[in-house]
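J.: As input, take target-v4.cif (mmCIF, C-alpha atoms, pLDDT in the B column; chains and numbers go by the auth columns):
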```
data_structure
#
loop_
_atom_site.group_PDB
_atom_site.id
_atom_site.type_symbol
_atom_site.label_atom_id
_atom_site.label_comp_id
_atom_site.label_asym_id
_atom_site.label_seq_id
_atom_site.Cartn_x
_atom_site.Cartn_y
_atom_site.Cartn_z
_atom_site.B_iso_or_equiv
_atom_site.auth_seq_id
_atom_site.auth_asym_id
ATOM 1 C CA MET A 1 -27.154 -57.282 -29.050 48.00 119 A
ATOM 2 C CA ALA A 2 -30.545 -56.585 -27.470 49.00 120 A
ATOM 3 C CA ARG A 3 -31.026 -53.089 -26.058 53.00 121 A
ATOM 4 C CA ARG A 4 -31.954 -52.885 -22.413 59.00 122 A
ATOM 5 C CA ARG A 5 -35.494 -51.757 -21.626 61.00 123 A
ATOM 6 C CA PRO A 6 -35.546 -48.233 -20.141 65.00 124 A
ATOM 7 C CA VAL A 7 -36.743 -47.988 -16.521 72.00 125 A
ATOM 8 C CA ALA A 8 -39.675 -45.555 -16.390 77.00 126 A
ATOM 9 C CA ILE A 9 -40.395 -44.981 -12.718 84.00 127 A
ATOM 10 C CA GLY A 10 -40.557 -41.188 -12.871 86.00 128 A
ATOM 11 C CA ARG A 11 -44.315 -41.133 -13.396 87.00 129 A
ATOM 12 C CA HIS A 12 -44.861 -43.297 -10.305 90.00 130 A
ATOM 13 C CA LEU A 13 -42.558 -41.059 -8.259 92.00 131 A
ATOM 14 C CA TRP A 14 -44.613 -38.045 -9.346 92.00 132 A
ATOM 15 C CA GLY A 15 -47.702 -39.944 -8.213 93.00 133 A
ATOM 16 C CA ILE A 16 -46.094 -40.546 -4.816 95.00 134 A
ATOM 17 C CA ALA A 17 -45.175 -36.857 -4.567 95.00 135 A
ATOM 18 C CA ALA A 18 -48.714 -35.754 -5.438 95.00 136 A
ATOM 19 C CA SER A 19 -50.130 -38.211 -2.896 96.00 137 A
ATOM 20 C CA LEU A 20 -47.767 -36.859 -0.235 96.00 138 A
ATOM 21 C CA VAL A 21 -48.946 -33.294 -0.881 96.00 139 A
ATOM 22 C CA THR A 22 -52.616 -34.288 -0.778 96.00 140 A
ATOM 23 C CA GLY A 23 -51.971 -36.297 2.396 97.00 141 A
ATOM 24 C CA LEU A 24 -50.480 -33.271 4.121 97.00 142 A
ATOM 25 C CA ALA A 25 -53.428 -31.141 2.955 96.00 143 A
ATOM 26 C CA GLY A 26 -55.833 -33.747 4.339 96.00 144 A
ATOM 27 C CA ALA A 27 -54.029 -33.825 7.698 96.00 145 A
ATOM 28 C CA TRP A 28 -54.228 -30.033 7.837 96.00 146 A
ATOM 29 C CA LEU A 29 -57.967 -30.183 7.111 95.00 147 A
ATOM 30 C CA MET A 30 -58.443 -32.447 10.133 95.00 148 A
ATOM 31 C CA VAL A 31 -56.698 -30.095 12.574 94.00 149 A
ATOM 32 C CA ALA A 32 -57.624 -26.773 10.939 93.00 150 A
ATOM 33 C CA PRO A 33 -60.880 -26.167 12.890 92.00 151 A
ATOM 34 C CA PHE A 34 -58.944 -26.341 16.163 90.00 152 A
ATOM 35 C CA ALA A 35 -55.760 -24.671 14.884 92.00 153 A
ATOM 36 C CA ILE A 36 -57.520 -21.695 13.285 90.00 154 A
ATOM 37 C CA GLY A 37 -60.134 -21.525 16.012 86.00 155 A
ATOM 38 C CA TYR A 38 -63.485 -21.775 14.254 84.00 156 A
ATOM 39 C CA GLN A 39 -64.337 -24.709 16.512 82.00 157 A
ATOM 40 C CA ASN A 40 -64.374 -23.470 20.097 78.00 158 A
ATOM 41 C CA GLY A 41 -65.228 -26.477 22.243 79.00 159 A
ATOM 42 C CA GLY A 42 -68.787 -27.745 22.477 84.00 160 A
ATOM 43 C CA SER A 43 -70.372 -29.912 19.853 88.00 161 A
ATOM 44 C CA TRP A 44 -68.810 -29.845 16.423 90.00 162 A
ATOM 45 C CA THR A 45 -70.228 -27.411 13.878 89.00 163 A
ATOM 46 C CA ASP A 46 -71.105 -28.473 10.326 89.00 164 A
ATOM 47 C CA ALA A 47 -67.922 -26.856 9.009 90.00 165 A
ATOM 48 C CA THR A 48 -65.798 -28.768 11.532 92.00 166 A
ATOM 49 C CA LYS A 49 -67.473 -32.091 10.767 93.00 167 A
ATOM 50 C CA ASN A 50 -67.052 -31.556 7.023 94.00 168 A
ATOM 51 C CA ASP A 51 -63.387 -30.570 7.346 94.00 169 A
ATOM 52 C CA PHE A 52 -62.517 -33.423 9.704 95.00 170 A
ATOM 53 C CA TRP A 53 -64.198 -36.240 7.770 96.00 171 A
ATOM 54 C CA THR A 54 -63.127 -34.983 4.348 96.00 172 A
ATOM 55 C CA GLY A 55 -59.574 -34.588 5.671 96.00 173 A
ATOM 56 C CA LEU A 56 -59.627 -38.121 7.062 97.00 174 A
ATOM 57 C CA ALA A 57 -60.851 -39.495 3.714 97.00 175 A
ATOM 58 C CA VAL A 58 -58.119 -37.591 1.861 97.00 176 A
ATOM 59 C CA VAL A 59 -55.445 -38.905 4.247 97.00 177 A
ATOM 60 C CA ILE A 60 -56.639 -42.506 3.762 97.00 178 A
ATOM 61 C CA LEU A 61 -56.750 -42.054 -0.034 96.00 179 A
ATOM 62 C CA SER A 62 -53.253 -40.596 -0.006 96.00 180 A
ATOM 63 C CA VAL A 63 -51.840 -43.491 2.020 97.00 181 A
ATOM 64 C CA ILE A 64 -53.472 -45.990 -0.360 97.00 182 A
ATOM 65 C CA GLY A 65 -52.115 -43.991 -3.310 96.00 183 A
ATOM 66 C CA ILE A 66 -48.570 -43.981 -1.909 96.00 184 A
ATOM 67 C CA VAL A 67 -48.741 -47.754 -1.379 96.00 185 A
ATOM 68 C CA LEU A 68 -50.104 -48.404 -4.899 95.00 186 A
ATOM 69 C CA PHE A 69 -47.582 -46.116 -6.608 93.00 187 A
ATOM 70 C CA SER A 70 -44.753 -47.709 -4.574 94.00 188 A
ATOM 71 C CA LEU A 71 -45.920 -51.162 -5.702 93.00 189 A
ATOM 72 C CA SER A 72 -45.869 -49.891 -9.287 90.00 190 A
ATOM 73 C CA VAL A 73 -42.274 -48.697 -8.807 90.00 191 A
ATOM 74 C CA VAL A 74 -41.281 -52.131 -7.491 90.00 192 A
ATOM 75 C CA GLY A 75 -43.091 -53.787 -10.422 87.00 193 A
ATOM 76 C CA GLU A 76 -41.268 -51.588 -12.945 84.00 194 A
ATOM 77 C CA LEU A 77 -37.900 -52.322 -11.332 87.00 195 A
ATOM 78 C CA ARG A 78 -38.668 -56.052 -11.388 85.00 196 A
ATOM 79 C CA ALA A 79 -39.750 -55.891 -15.054 81.00 197 A
ATOM 80 C CA ALA A 80 -36.550 -54.050 -15.953 78.00 198 A
ATOM 81 C CA GLY A 81 -34.422 -56.631 -14.136 79.00 199 A
ATOM 82 C CA VAL A 82 -33.117 -54.208 -11.490 80.00 200 A
ATOM 83 C CA LEU A 83 -34.833 -56.173 -8.718 80.00 201 A
ATOM 84 C CA LYS A 84 -34.981 -59.951 -8.548 80.00 202 A
ATOM 85 C CA PRO A 85 -38.321 -61.385 -9.674 77.00 203 A
ATOM 86 C CA ARG A 86 -40.586 -62.766 -6.975 74.00 204 A
ATOM 87 C CA PRO A 87 -40.065 -66.556 -6.604 73.00 205 A
ATOM 88 C CA GLN A 88 -42.942 -68.445 -8.179 74.00 206 A
ATOM 89 C CA PRO A 89 -44.575 -71.233 -6.123 74.00 207 A
ATOM 90 C CA VAL A 90 -43.915 -74.734 -7.459 72.00 208 A
ATOM 91 C CA PRO A 91 -47.212 -76.061 -8.864 70.00 209 A
ATOM 92 C CA GLN A 92 -48.574 -79.274 -7.421 71.00 210 A
ATOM 93 C CA MET A 93 -49.014 -82.128 -9.898 68.00 211 A
ATOM 94 C CA PRO A 94 -52.713 -82.902 -10.418 66.00 212 A
ATOM 95 C CA ALA A 95 -53.985 -86.416 -9.808 67.00 213 A
ATOM 96 C CA TRP A 96 -54.484 -87.212 -13.499 65.00 214 A
ATOM 97 C CA VAL A 97 -50.768 -86.808 -14.313 62.00 215 A
ATOM 98 C CA GLY A 98 -49.334 -90.119 -15.423 61.00 216 A
ATOM 99 C CA GLN A 99 -52.740 -91.484 -16.467 62.00 217 A
ATOM 100 C CA PRO A 100 -53.808 -92.061 -20.104 60.00 218 A
ATOM 101 C CA ALA A 101 -54.417 -88.978 -22.215 56.00 219 A
ATOM 102 C CA ALA A 102 -58.155 -89.601 -22.418 57.00 220 A
ATOM 103 C CA ALA A 103 -58.462 -89.147 -18.655 55.00 221 A
ATOM 104 C CA ALA A 104 -56.754 -85.796 -18.670 53.00 222 A
ATOM 105 C CA PRO A 105 -58.997 -82.718 -18.829 54.00 223 A
ATOM 106 C CA GLN A 106 -58.770 -80.581 -21.950 55.00 224 A
ATOM 107 C CA PRO A 107 -57.008 -77.281 -21.286 52.00 225 A
ATOM 108 C CA ALA A 108 -59.027 -74.130 -21.822 50.00 226 A
ATOM 109 C CA ALA A 109 -58.080 -71.793 -24.632 48.00 227 A
ATOM 110 C CA PRO A 110 -55.325 -69.413 -23.478 48.00 228 A
ATOM 111 C CA ALA A 111 -57.026 -66.042 -23.099 47.00 229 A
ATOM 112 C CA ALA A 112 -54.500 -63.554 -24.374 48.00 230 A
ATOM 113 C CA ALA A 113 -51.736 -65.325 -22.466 47.00 231 A
ATOM 114 C CA GLY A 114 -49.028 -63.963 -24.705 48.00 232 A
ATOM 115 C CA SER A 115 -50.424 -60.462 -24.819 51.00 233 A
ATOM 116 C CA PRO A 116 -48.621 -57.908 -22.631 52.00 234 A
ATOM 117 C CA TYR A 117 -51.602 -55.562 -22.607 52.00 235 A
ATOM 118 C CA HIS A 118 -54.636 -56.673 -20.630 57.00 236 A
ATOM 119 C CA ASP A 119 -57.002 -53.746 -20.776 65.00 237 A
ATOM 120 C CA GLU A 120 -58.788 -52.475 -23.823 71.00 238 A
ATOM 121 C CA LEU A 121 -57.566 -48.945 -23.091 71.00 239 A
ATOM 122 C CA GLU A 122 -53.974 -50.082 -22.819 74.00 240 A
ATOM 123 C CA ARG A 123 -54.239 -52.042 -26.061 75.00 241 A
ATOM 124 C CA THR A 124 -55.553 -48.929 -27.789 75.00 242 A
ATOM 125 C CA MET A 125 -52.818 -46.776 -26.279 76.00 243 A
ATOM 126 C CA ALA A 126 -50.198 -49.342 -27.325 78.00 244 A
ATOM 127 C CA LEU A 127 -51.536 -49.230 -30.884 78.00 245 A
ATOM 128 C CA LEU A 128 -51.370 -45.435 -30.800 78.00 246 A
ATOM 129 C CA ALA A 129 -47.830 -45.563 -29.440 82.00 247 A
ATOM 130 C CA THR A 130 -46.734 -48.034 -32.136 81.00 248 A
ATOM 131 C CA THR A 131 -48.204 -45.835 -34.859 80.00 249 A
ATOM 132 C CA LEU A 132 -46.513 -42.747 -33.423 82.00 250 A
ATOM 133 C CA ALA A 133 -43.207 -44.597 -33.172 83.00 251 A
ATOM 134 C CA ALA A 134 -43.437 -45.777 -36.781 83.00 252 A
ATOM 135 C CA GLU A 135 -44.232 -42.268 -37.952 82.00 253 A
ATOM 136 C CA LEU A 136 -41.322 -40.824 -35.968 83.00 254 A
ATOM 137 C CA ALA A 137 -38.987 -43.434 -37.436 84.00 255 A
ATOM 138 C CA GLU A 138 -40.174 -42.602 -40.975 84.00 256 A
ATOM 139 C CA ARG A 139 -39.644 -38.904 -40.375 83.00 257 A
ATOM 140 C CA ARG A 140 -36.168 -39.529 -38.999 83.00 258 A
ATOM 141 C CA GLN A 141 -35.289 -41.665 -41.982 84.00 259 A
ATOM 142 C CA ALA A 142 -36.614 -39.019 -44.371 84.00 260 A
ATOM 143 C CA ARG A 143 -34.734 -36.298 -42.510 81.00 261 A
ATOM 144 C CA SER A 144 -31.481 -38.257 -42.447 79.00 262 A
ATOM 145 C CA GLY A 145 -31.926 -38.986 -46.171 74.00 263 A
ATOM 146 C CA SER A 146 -32.446 -35.326 -47.014 69.00 264 A
ATOM 147 C CA ASN A 147 -29.603 -34.278 -44.670 64.00 265 A
ATOM 148 C CA SER A 148 -27.148 -36.577 -46.434 59.00 266 A
ATOM 149 C CA GLN A 149 -27.981 -34.853 -49.736 55.00 267 A
ATOM 150 C CA GLN A 150 -28.553 -31.331 -48.441 51.00 268 A
ATOM 151 C CA PRO A 151 -24.991 -30.369 -47.383 48.00 269 A
ATOM 152 C CA VAL A 152 -23.610 -31.056 -50.861 45.00 270 A
ATOM 153 C CA THR A 153 -25.983 -28.683 -52.606 43.00 271 A
ATOM 154 C CA THR A 154 -25.646 -26.107 -49.860 42.00 272 A
ATOM 155 C CA GLN A 155 -21.878 -26.281 -50.047 43.00 273 A
ATOM 156 C CA ILE A 156 -21.874 -25.905 -53.794 41.00 274 A
ATOM 157 C CA GLY A 157 -24.309 -23.017 -53.528 41.00 275 A
ATOM 158 C CA GLY A 158 -22.164 -21.444 -50.816 41.00 276 A
ATOM 159 C CA GLN A 159 -19.014 -21.706 -52.910 42.00 277 A
ATOM 160 C CA GLN A 160 -20.727 -20.190 -55.874 41.00 278 A
ATOM 161 C CA GLY A 161 -22.146 -17.332 -53.869 34.00 279 A
ATOM 162 C CA MET B 1 -42.187 -57.219 -21.528 48.00 63 B
ATOM 163 C CA LYS B 2 -45.215 -55.455 -20.035 55.00 64 B
ATOM 164 C CA THR B 3 -45.751 -51.713 -20.170 60.00 65 B
ATOM 165 C CA ARG B 4 -48.810 -50.356 -18.372 69.00 66 B
ATOM 166 C CA LEU B 5 -50.042 -46.862 -19.065 74.00 67 B
ATOM 167 C CA LEU B 6 -51.971 -46.440 -15.820 80.00 68 B
ATOM 168 C CA SER B 7 -50.980 -47.330 -12.298 85.00 69 B
ATOM 169 C CA PRO B 8 -53.866 -48.292 -9.970 89.00 70 B
ATOM 170 C CA GLY B 9 -52.784 -45.394 -7.763 90.00 71 B
ATOM 171 C CA ILE B 10 -54.178 -42.943 -10.299 93.00 72 B
ATOM 172 C CA ILE B 11 -57.672 -43.776 -8.999 95.00 73 B
ATOM 173 C CA THR B 12 -56.793 -42.292 -5.601 96.00 74 B
ATOM 174 C CA LEU B 13 -55.652 -39.075 -7.300 96.00 75 B
ATOM 175 C CA VAL B 14 -58.958 -38.859 -9.190 96.00 76 B
ATOM 176 C CA LEU B 15 -60.872 -39.327 -5.922 97.00 77 B
ATOM 177 C CA THR B 16 -58.701 -36.675 -4.255 96.00 78 B
ATOM 178 C CA LEU B 17 -59.526 -34.327 -7.126 97.00 79 B
ATOM 179 C CA ALA B 18 -63.218 -34.891 -6.389 97.00 80 B
ATOM 180 C CA ALA B 19 -62.582 -34.191 -2.690 96.00 81 B
ATOM 181 C CA GLY B 20 -60.893 -30.904 -3.638 97.00 82 B
ATOM 182 C CA ILE B 21 -63.884 -29.849 -5.733 97.00 83 B
ATOM 183 C CA TRP B 22 -66.174 -30.728 -2.827 96.00 84 B
ATOM 184 C CA MET B 23 -64.081 -28.648 -0.397 96.00 85 B
ATOM 185 C CA ILE B 24 -64.509 -25.576 -2.606 96.00 86 B
ATOM 186 C CA ILE B 25 -68.285 -25.888 -2.940 95.00 87 B
ATOM 187 C CA ALA B 26 -68.885 -27.201 0.605 94.00 88 B
ATOM 188 C CA PRO B 27 -69.257 -23.783 2.368 93.00 89 B
ATOM 189 C CA ALA B 28 -72.064 -22.858 -0.039 91.00 90 B
ATOM 190 C CA ALA B 29 -73.592 -26.323 -0.133 92.00 91 B
ATOM 191 C CA LEU B 30 -73.654 -26.701 3.671 92.00 92 B
ATOM 192 C CA ASN B 31 -74.670 -23.049 4.256 89.00 93 B
ATOM 193 C CA THR B 32 -71.741 -22.492 6.604 88.00 94 B
ATOM 194 C CA GLN B 33 -70.885 -19.285 4.722 87.00 95 B
ATOM 195 C CA PRO B 34 -73.490 -16.510 5.225 85.00 96 B
ATOM 196 C CA ARG B 35 -74.533 -15.008 1.904 86.00 97 B
ATOM 197 C CA GLY B 36 -73.288 -11.514 1.203 85.00 98 B
ATOM 198 C CA ALA B 37 -70.973 -11.483 4.205 88.00 99 B
ATOM 199 C CA HIS B 38 -67.170 -11.540 4.188 91.00 100 B
ATOM 200 C CA TRP B 39 -65.703 -14.996 3.953 92.00 101 B
ATOM 201 C CA THR B 40 -65.209 -16.621 7.341 91.00 102 B
ATOM 202 C CA HIS B 41 -61.923 -18.273 8.335 91.00 103 B
ATOM 203 C CA ALA B 42 -63.527 -21.686 7.744 91.00 104 B
ATOM 204 C CA THR B 43 -64.549 -20.753 4.189 93.00 105 B
ATOM 205 C CA ILE B 44 -61.127 -19.335 3.321 94.00 106 B
ATOM 206 C CA ASN B 45 -59.454 -22.460 4.687 94.00 107 B
ATOM 207 C CA ASP B 46 -61.798 -24.778 2.767 95.00 108 B
ATOM 208 C CA VAL B 47 -61.320 -22.958 -0.543 96.00 109 B
ATOM 209 C CA VAL B 48 -57.526 -22.748 -0.206 96.00 110 B
ATOM 210 C CA VAL B 49 -57.127 -26.416 0.808 96.00 111 B
ATOM 211 C CA GLY B 50 -59.566 -27.433 -1.934 96.00 112 B
ATOM 212 C CA GLY B 51 -57.455 -25.544 -4.460 97.00 113 B
ATOM 213 C CA VAL B 52 -54.292 -27.259 -3.205 96.00 114 B
ATOM 214 C CA LEU B 53 -55.974 -30.665 -3.490 97.00 115 B
ATOM 215 C CA ILE B 54 -57.181 -29.958 -7.036 97.00 116 B
ATOM 216 C CA ALA B 55 -53.805 -28.614 -8.176 97.00 117 B
ATOM 217 C CA ALA B 56 -51.789 -31.488 -6.665 96.00 118 B
ATOM 218 C CA SER B 57 -54.118 -34.165 -8.073 96.00 119 B
ATOM 219 C CA LEU B 58 -54.255 -32.600 -11.544 96.00 120 B
ATOM 220 C CA ILE B 59 -50.468 -32.228 -11.711 95.00 121 B
ATOM 221 C CA GLY B 60 -50.010 -35.818 -10.533 94.00 122 B
ATOM 222 C CA ILE B 61 -52.546 -37.182 -13.043 94.00 123 B
ATOM 223 C CA ALA B 62 -51.154 -35.128 -15.947 94.00 124 B
ATOM 224 C CA LEU B 63 -47.537 -36.101 -15.252 93.00 125 B
ATOM 225 C CA HIS B 64 -48.468 -39.746 -14.751 91.00 126 B
ATOM 226 C CA LEU B 65 -50.376 -39.914 -18.045 91.00 127 B
ATOM 227 C CA GLY B 66 -47.823 -37.885 -20.007 91.00 128 B
ATOM 228 C CA LEU B 67 -44.789 -39.800 -18.803 90.00 129 B
ATOM 229 C CA GLY B 68 -46.687 -43.082 -19.169 87.00 130 B
ATOM 230 C CA LEU B 69 -47.478 -42.319 -22.815 88.00 131 B
ATOM 231 C CA ARG B 70 -43.830 -41.432 -23.393 88.00 132 B
ATOM 232 C CA ALA B 71 -42.749 -44.746 -21.847 83.00 133 B
ATOM 233 C CA LEU B 72 -45.214 -46.605 -24.104 85.00 134 B
ATOM 234 C CA ILE B 73 -43.785 -44.880 -27.194 87.00 135 B
ATOM 235 C CA GLN B 74 -40.224 -45.703 -26.104 83.00 136 B
ATOM 236 C CA ALA B 75 -41.188 -49.347 -25.537 82.00 137 B
ATOM 237 C CA ALA B 76 -42.864 -49.503 -28.958 85.00 138 B
ATOM 238 C CA GLU B 77 -39.785 -47.956 -30.609 85.00 139 B
ATOM 239 C CA LEU B 78 -37.564 -50.453 -28.831 84.00 140 B
ATOM 240 C CA GLU B 79 -39.736 -53.355 -30.002 83.00 141 B
ATOM 241 C CA ALA B 80 -39.727 -52.016 -33.575 85.00 142 B
ATOM 242 C CA SER B 81 -35.953 -51.610 -33.650 85.00 143 B
ATOM 243 C CA GLU B 82 -35.471 -55.093 -32.181 83.00 144 B
ATOM 244 C CA ALA B 83 -37.820 -56.537 -34.799 84.00 145 B
ATOM 245 C CA ASP B 84 -35.889 -54.694 -37.537 83.00 146 B
ATOM 246 C CA SER B 85 -32.543 -55.995 -36.307 83.00 147 B
ATOM 247 C CA THR B 86 -33.957 -59.530 -36.063 83.00 148 B
ATOM 248 C CA ALA B 87 -35.295 -59.311 -39.618 83.00 149 B
ATOM 249 C CA ALA B 88 -31.966 -57.936 -40.865 81.00 150 B
ATOM 250 C CA THR B 89 -29.961 -60.770 -39.326 80.00 151 B
ATOM 251 C CA ALA B 90 -32.388 -63.462 -40.607 72.00 152 B
#
```
Starting from the file, give its structure as structure tokens.
T.:
Amino acid sequence: MARRRPVAIGRHLWGIAASLVTGLAGAWLMVAPFAIGYQNGGSWTDATKNDFWTGLAVVILSVIGIVLFSLSVVGELRAAGVLKPRPQPVPQMPAWVGQPAAAAPQPAAPAAAGSPYHDELERTMALLATTLAAELAERRQARSGSNSQQPVTTQIGGQQG
Amino acid sequence: MKTRLLSPGIITLVLTLAAGIWMIIAPAALNTQPRGAHWTHATINDVVVGGVLIAASLIGIALHLGLGLRALIQAAELEASEADSTAATA
């Protein structure tokens, strides 16, 4: 029986939480000159301009971050089968379908179509993860092997002592 | 099965980290804080908010990377165990 893939959305939720905090900090930056009182009417000082525009940029970044992390959560849930996959559009048949094989264009070589990892960094990290997993499995096997022998000798030693 | 280490949202956290660093150095860079004088309310606010931005972004980035690496290891372990069970049944 195949084991179900674990749903790992915690990291995206932490990203949403961090974006929420930075968004609130950005909103505070925008109103701080007026709330604290270092901008008293008149034309805006340099400090006020800097706070307002940096705060606005942080708020926009936070909103984009929340949207992107939320999309990642939805993607993870879809990949794990919790949510239904998005319906794929039915492809239109090209004009050369039904004609002799010579008329059909040659398909391009599939560029890593079967590979689940698209970026170089992710491929490297996947390799690292596989190596770590293999090492962990070896250690567990070695430990379980030594544990199955260890109690006997310990017991005998304990009885003798 | 596709496991991605990084979400695109991590870029916004990196940019927010840069904004936090800017907020801390801005009073000196823009000369809004007189040298040698006590910090003004604007300077204190900028440094505190900059610190909050840096802390929140760093925590978010660290947790995202750490938990993402853990998920990659779990996925690799799952694939290895499935491959083992397939080889054992064959």
J.: If you count all atoms listed in the file, which residues fall within 12 Å of Leu254 (chain A), apart from same-chain ones fewer than 3 positions away, as a VMD selection string?
T.: (chain A and resid 247 to 251 257 to 261) or (chain B and resid 135 to 136 138 to 139 142)
J.: Could you tell me, as number ranges by chain, exactly which residues end up selected when the PyMOL selection byres ((chain B) within 6 of (chain A)) is applied to this structure?
T.: B: 64, 71, 74, 115, 118, 122, 126, 129, 135, 138-139
J.: Restricting the calculation to all atoms listed in the file: of B:His103, B:Gly112, B:Leu67, B:Ile87, which residue gets closest to Arg132 (chain B)?
T.: B:Leu67
J.: For CA of Ser69 (chain B) and CA of Leu174 (chain A), quote the distance in Å rounded to one decimal.
T.: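 For CA of Ser69 (chain B) relative to CA of Leu174 (chain A), the distance reads 23.1 Å.
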J.: Can you measure CA of Leu127 (chain B) to CA of Gly113 (chain B) for me? One decimal in Å is fine.
T.: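 Computed distance, CA of Leu127 (chain B) to CA of Gly113 (chain B), equals 21.0 Å.
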J.: Between CA of Ala91 (chain B) and CA of Thr78 (chain B), what is the spacing in Å?
T.: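 We find that CA of Thr78 (chain B) and CA of Ala91 (chain B) lie 18.6 Å from each other.
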J.: Write out as lines of an AutoDock Vina configuration file an axis-aligned box for region 246-259 of chain A: all of its atoms listed in the file, 5 Å added on each side, centre and edge lengths in Å with one decimal.
T.:
```
center_x = -43.3
center_y = -43.5
center_z = -35.7
size_x = 26.1
size_y = 19.1
size_z = 22.5
```
J.: Translate the PyMOL selection byres ((chain B and resi 95) around 12), as applied to the file shown, into an explicit residue set as a ChimeraX atom specification.
T.: /A:164-165 /B:86-94,96-109
J.: Could you tell me which of A:Val208, A:Phe170, A:Ser262, A:Leu195 comes closest to Ala145 (chain A) if we count only C-alpha atoms?
T.: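 Once distances to Ala145 (chain A) are computed over only C-alpha atoms, the minimum belongs to A:Phe170.
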J.: Would you please work out which residue, of A:Val200, A:Trp171, A:Gly159, A:Pro207, is nearest to Ala81 (chain B) when using only C-alpha atoms?
T.: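 Closest to Ala81 (chain B), using only C-alpha atoms: A:Trp171.
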